[in-house]
Every structure is written in structure tokens, then in C-alpha cells.
Amino acid sequence: MEYKGMVTALLGALFTLGTTAAMASDAHAPAAAPKAAASHAAPAEAAKPAEAGHGAPAAAKAPEALAPSIHPLRRPAIHTASAVHKPAASHARPASSHKPAASHGKAKAHTSAAAGHGDAHDDGHGHDSETGKVQNLVKAMLAANTNYMKRNNSSYFDKFASKQTPRATVVTCADSRVQSNAFHPDAVNDLFMVRNIGNQLATSEGSIEYGVRHLNTPLLMFIGHAVCGAVAAASGDFSKLERPIQKELLTINIPKGINVNEGVLMNVNNQVESAMLKFGGEVESGKLAVIGAFYDFRNDYKQGKGKLIITNINGETDPAKLAALTKAGNFFNAATGMSAAPAGGH
Ligand SMILES: [Zn+2]
């Protein structure tokens with residue numbers, strides 16, 4: 001059907017971009033070092049990353065657009081996973097991982113976007129005032145917008161002036177390190193983006209339903225990411241946080257004390273499962289594909305920094321099956337096996 005072609009094409013675009021980025025950023029061989037992965041933030045079972053996402057990055061030939069990496073991990077069973085890892089460690093991590101990355105990214109944005117990068121407010125490090133920060137940022141944003149307007153002529157805008165025609169509803173975490181340019185060349189009018197802490201269905205159900213049932217996007221994607229602060233918080237004691245924040249953490253169903261990345265993978269699986277329940281009719285009839293992924297900007301799974309790793313297709317989480325489904329472009333009804341698209345059919 002039409003849907004299948006759209007999804008295949010879109011995913012092709014996403015992964016081509018992701019692969020290119022990963023290759024560019026990580027010249028060092030991601031020499032599948034399973035143990036290293038485990039010793040990092042990766043869960044204990046992370047040991048078998050090699051098998052799946054191999055060939056793609058190194059074998060530079062792979063012209064097939066669809067060469068995503070398939071996530072190497074099995075989904076930890078939700079109920080049995082009360083196995084407490086190391087609560088202390090997993091707590092400490094998000095906090096420490098926060099500040100350097102964030103303040104770096106921002107600094108870069110300043111220099112590249114704002115030509116006149118104000119020295120006036122840059123007195124040293126710790127003391128550049130909130131006022132200065134905001135002045136610089138607003139200035140940079142306006143300058144970037146001016147450039148954007150120059151780069152795009154009116155026909156660019158005319159294409160979507162009267163209505164939007166996105167091909168995917170994409171749910172990501174609100175984390176500032178996760179942005180669509182990591183996996184799409186130009187998401188304008190193509191990705192209906194929904195963002196919240198922990199990339200959840202429950203806390204943005206209306207927005208997601210609008211994308212699926214009113215914009216009729218044939219793909220619904222949930223993208224978790226490395227060291228997610230929301231997931232880390234949900235795995236610990238968040239009773240001291242503000243009520244509205246607590247409310248948005250309560251719907252992340254993971255065991256207390258779970259390793260952060262493992263919690264992220266489990267949470268993505270939970271979101272896919274919830275979506276398949278909610279949109280069962282669409283999924284069954286082959287109108288909607290639900291995909292889960294992990295955006296690995298730290299290279300925790302040794303497939304390159306910035307890799308978008310597919311971890312779930314319509315409930316299927318087995319790495320070998322994910323690889324096969326992805327290669328064949330079978331993104332519909334993978335879990336039930338009914339009406340699987342003809343292999344290789346575009
Ligand atoms: Zn997050």
C-alpha cells in the first residue's frame with residue numbers, strides 16, 4: 001500500500017542521515033568492544049552488540065538506504081526486572097552528565113549563529129549574567145531566523161502554507177540534546193514532533209492521537225536517548241520534586257534502581273506497547289507502524305556517536321528479527337506476522 005512506501009522512504013532518509021553522521025563523527029573504529037560497553041552505562045546484558053548493527057558503518061559500500069543499526073539488547077522483562085542494579089550509581093549519573101553537555105552545546109550555538117557574539121556579557125565563565133545569556137541567545141535566534149528566511153525562497157514555504165502533510169508522528173524526550181536534525185535532513189512538514197520528558201504516550205496522548213488519527217501519519221516513532229534524566233529520575237525517589245513533574249514521571253513504568261540506559265530501552269518498549277494497544281485497529285489493518293529507537297549520542301552501545309538504533313518494531317524486540325524486518329522494509333504488523341509486506345517491496 002501507499003503507506004508502506006512512505007514509511008520505507010522516510011526511514012531510508014532517517015537512517016542514511018544517521019549513518020553518515022555517525023561515520024563522520026566517529027572515525028575511530030567502533031571496534032565492537034562489548035565489555036567496554038558493559039562497563040560504561042550499558043546494562044550488563046549489553047554484551048552482544050556486535051551481531052546486529054555490524055556491517056553498516058564500516059562497510060562503506062552498503063548503498064541500501066536502509067542500513068540502520070538494530071539494538072543489541074533484549075528487552076528486560078518488566079516484571080522480573082526488580083533486580084536492583086546499583087541505585088546509587090544510576091542516580092549520580094544524570095546529574096553529572098547534565099551540565100557539561102548542555103553548556104557546551106549552547107556555547108557552540110552562540111558562536112555559530114550570532115555573528116556579533118557579545119563580549120560584553122562574556123565576563124569569564126561563572127559570572128556571565130542571566131541577562132547576558134538571554135540577550136545573546138535572543139540575538140542569535142533572530143540572526144538565525146534571518147538566515148533561514150534568506151536561504152528559503154517563498155516556494156519553500158508555499159508548499160505547506162495551507163496544510164501540513166507529515167509522514168511520521170515522532171515522540172522524543174524534551175532533552176535539549178535530542179533534536180530532529182540528528183535523524184532527518186529537514187523535518188519541516190515531514191515529522192509531527194511531540195516532545196515531553198521521557199518520550200511518553202501518556203503525557204501527550206492528545207498530541208499523539210492528533211498526529212496518528214487526524215494527520216494520518218503511517219509511522220509513529222518513540223525515540224529514547226542515552227542517560228535520560230527523566231528515566232533516571234523515574235527509577236529513583238522523585239517524591240520531593242514538584243507535583244506536575246512527579247505526575248509526568250509516574251507514567252514511566254520501570255523498576256527502581258534500574259540502570260539508566262536499560263530503563264530507557266524498557267521505557268521505549270512500554271511506549272510502543274501502549275501505542276499498539278491504543279491504536280490497535282490502525283496497526284492491525286496495516287495503516288500504522290509503531291517503531292521504538294534509542295538515540296545514542298554517547299556511543300554507549302558502540303555503534304558510533306549519534307547513532308539512531310532501532311529497538312522495537314510493532315512490539316518485536318529480537319535483534320535478529322529487527323534486522324531482517326528492517327532490511328526487508330517490513331514495518332507493518334511485524335509482531336503479529338499478519339499481512340507482512342512482501343519482502344523487499346517498496
Ligand atoms: Zn530524556
# chains A, B, ... in the order shown; residues from 1 in each chain; ligands from 1
$ closest_atom_pairs --of "chain A" --to "ligand 1" --cutoff "8 Å" --atoms "only C-alpha atoms and all ligand atoms" --output "Markdown table"
| residue | atom | partner | partner_atom_place_in_ligand_line | distance |
| --- | --- | --- | --- | --- |
| A:Thr172 | CA | ligand 1 | 1 (Zn) | 7.9 |
| A:Cys173 | CA | ligand 1 | 1 (Zn) | 4.6 |
| A:Ala174 | CA | ligand 1 | 1 (Zn) | 6.3 |
| A:Asp175 | CA | ligand 1 | 1 (Zn) | 4.9 |
| A:Ile197 | CA | ligand 1 | 1 (Zn) | 5.7 |
| A:Gly198 | CA | ligand 1 | 1 (Zn) | 5.0 |
| A:Asn199 | CA | ligand 1 | 1 (Zn) | 7.1 |
| A:Gly224 | CA | ligand 1 | 1 (Zn) | 6.8 |
| A:His225 | CA | ligand 1 | 1 (Zn) | 6.1 |
| A:Ala226 | CA | ligand 1 | 1 (Zn) | 7.7 |
| A:Val227 | CA | ligand 1 | 1 (Zn) | 7.1 |
| A:Cys228 | CA | ligand 1 | 1 (Zn) | 3.6 |
| A:Gly229 | CA | ligand 1 | 1 (Zn) | 5.1 |
| A:Ala230 | CA | ligand 1 | 1 (Zn) | 5.2 |
| A:Val231 | CA | ligand 1 | 1 (Zn) | 6.7 |
$ select_by_dssp --residues "stretch 129-322 of chain A" --states "strand (DSSP E)" --output "ChimeraX atom specification"
/A:168-173,191-196,219-225,289-296,307-313
$ atom_distance --atom1 "atom CA of A:Lys302" --atom2 "atom CA of A:Ala324"
20.6 Å
$ residues_around --residues "A:Leu220" --least-positions-apart "5" --cutoff "7 Å" --atoms "only C-alpha atoms" --output "PyMOL selection string"
chain A and resi 168-170+289-291
$ residues_around --residues "A:Ser235" --least-positions-apart "4" --cutoff "10 Å" --atoms "only C-alpha atoms" --output "number ranges by chain"
A: 87, 90-91, 229-231, 249-250, 252-260, 263
$ residues_around --residues "A:Asn216" --least-positions-apart "5" --cutoff "12 Å" --atoms "only C-alpha atoms" --output "ChimeraX atom specification"
/A:3,6,164-169,190-192,208-211,279,282,287-289
$ write_last_selection --atoms "N, CA and C atoms" --output "PDB file, in the first residue's frame"
ATOM      1  N   TYR A   3       1.065   3.402   2.189  1.00  0.00           N
ATOM      2  CA  TYR A   3       1.696   3.613   3.488  1.00  0.00           C
ATOM      3  C   TYR A   3       3.084   3.013   3.559  1.00  0.00           C
ATOM      4  N   MET A   6       5.679   4.984   1.869  1.00  0.00           N
ATOM      5  CA  MET A   6       6.005   6.211   2.598  1.00  0.00           C
ATOM      6  C   MET A   6       6.922   5.929   3.770  1.00  0.00           C
ATOM      7  N   GLN A 164      -0.392  20.947   6.649  1.00  0.00           N
ATOM      8  CA  GLN A 164       0.797  20.119   6.864  1.00  0.00           C
ATOM      9  C   GLN A 164       0.539  18.692   6.402  1.00  0.00           C
ATOM     10  N   THR A 165       1.568  18.058   5.912  1.00  0.00           N
ATOM     11  CA  THR A 165       1.439  16.683   5.440  1.00  0.00           C
ATOM     12  C   THR A 165       2.600  15.817   5.935  1.00  0.00           C
ATOM     13  N   PRO A 166       2.724  15.702   7.250  1.00  0.00           N
ATOM     14  CA  PRO A 166       3.841  14.908   7.802  1.00  0.00           C
ATOM     15  C   PRO A 166       3.646  13.417   7.538  1.00  0.00           C
ATOM     16  N   ARG A 167       4.765  12.705   7.443  1.00  0.00           N
ATOM     17  CA  ARG A 167       4.696  11.255   7.254  1.00  0.00           C
ATOM     18  C   ARG A 167       4.846  10.504   8.563  1.00  0.00           C
ATOM     19  N   ALA A 168       5.314  11.166   9.598  1.00  0.00           N
ATOM     20  CA  ALA A 168       5.507  10.459  10.859  1.00  0.00           C
ATOM     21  C   ALA A 168       5.145  11.330  12.054  1.00  0.00           C
ATOM     22  N   THR A 169       4.613  10.685  13.080  1.00  0.00           N
ATOM     23  CA  THR A 169       4.470  11.300  14.387  1.00  0.00           C
ATOM     24  C   THR A 169       5.644  10.782  15.194  1.00  0.00           C
ATOM     25  N   ASP A 190       7.410  17.232   7.664  1.00  0.00           N
ATOM     26  CA  ASP A 190       7.548  15.791   7.495  1.00  0.00           C
ATOM     27  C   ASP A 190       7.444  15.025   8.818  1.00  0.00           C
ATOM     28  N   LEU A 191       7.893  15.638   9.888  1.00  0.00           N
ATOM     29  CA  LEU A 191       7.777  14.980  11.189  1.00  0.00           C
ATOM     30  C   LEU A 191       6.876  15.803  12.092  1.00  0.00           C
ATOM     31  N   PHE A 192       5.819  15.177  12.558  1.00  0.00           N
ATOM     32  CA  PHE A 192       4.960  15.808  13.557  1.00  0.00           C
ATOM     33  C   PHE A 192       5.594  15.502  14.902  1.00  0.00           C
ATOM     34  N   ILE A 208      -0.368  13.051  20.278  1.00  0.00           N
ATOM     35  CA  ILE A 208      -0.012  11.857  19.503  1.00  0.00           C
ATOM     36  C   ILE A 208      -1.227  11.346  18.736  1.00  0.00           C
ATOM     37  N   GLU A 209      -2.349  11.359  19.383  1.00  0.00           N
ATOM     38  CA  GLU A 209      -3.566  10.915  18.704  1.00  0.00           C
ATOM     39  C   GLU A 209      -3.892  11.827  17.531  1.00  0.00           C
ATOM     40  N   TYR A 210      -3.632  13.092  17.700  1.00  0.00           N
ATOM     41  CA  TYR A 210      -3.865  14.026  16.594  1.00  0.00           C
ATOM     42  C   TYR A 210      -2.981  13.676  15.401  1.00  0.00           C
ATOM     43  N   GLY A 211      -1.735  13.382  15.680  1.00  0.00           N
ATOM     44  CA  GLY A 211      -0.818  13.021  14.588  1.00  0.00           C
ATOM     45  C   GLY A 211      -1.257  11.748  13.879  1.00  0.00           C
ATOM     46  N   PHE A 279      -3.751   2.153  19.460  1.00  0.00           N
ATOM     47  CA  PHE A 279      -4.004   2.234  18.023  1.00  0.00           C
ATOM     48  C   PHE A 279      -4.073   0.845  17.390  1.00  0.00           C
ATOM     49  N   GLU A 282      -5.531   0.485  13.818  1.00  0.00           N
ATOM     50  CA  GLU A 282      -4.653   1.008  12.769  1.00  0.00           C
ATOM     51  C   GLU A 282      -3.479   0.059  12.524  1.00  0.00           C
ATOM     52  N   LYS A 287      -2.202   0.167   8.691  1.00  0.00           N
ATOM     53  CA  LYS A 287      -2.168   1.606   8.411  1.00  0.00           C
ATOM     54  C   LYS A 287      -1.109   2.317   9.232  1.00  0.00           C
ATOM     55  N   LEU A 288      -0.678   1.662  10.280  1.00  0.00           N
ATOM     56  CA  LEU A 288       0.245   2.323  11.192  1.00  0.00           C
ATOM     57  C   LEU A 288       1.369   1.382  11.618  1.00  0.00           C
ATOM     58  N   ALA A 289       2.580   1.868  11.500  1.00  0.00           N
ATOM     59  CA  ALA A 289       3.741   1.149  12.019  1.00  0.00           C
ATOM     60  C   ALA A 289       4.191   1.860  13.285  1.00  0.00           C
TER      61      ALA A 289
END
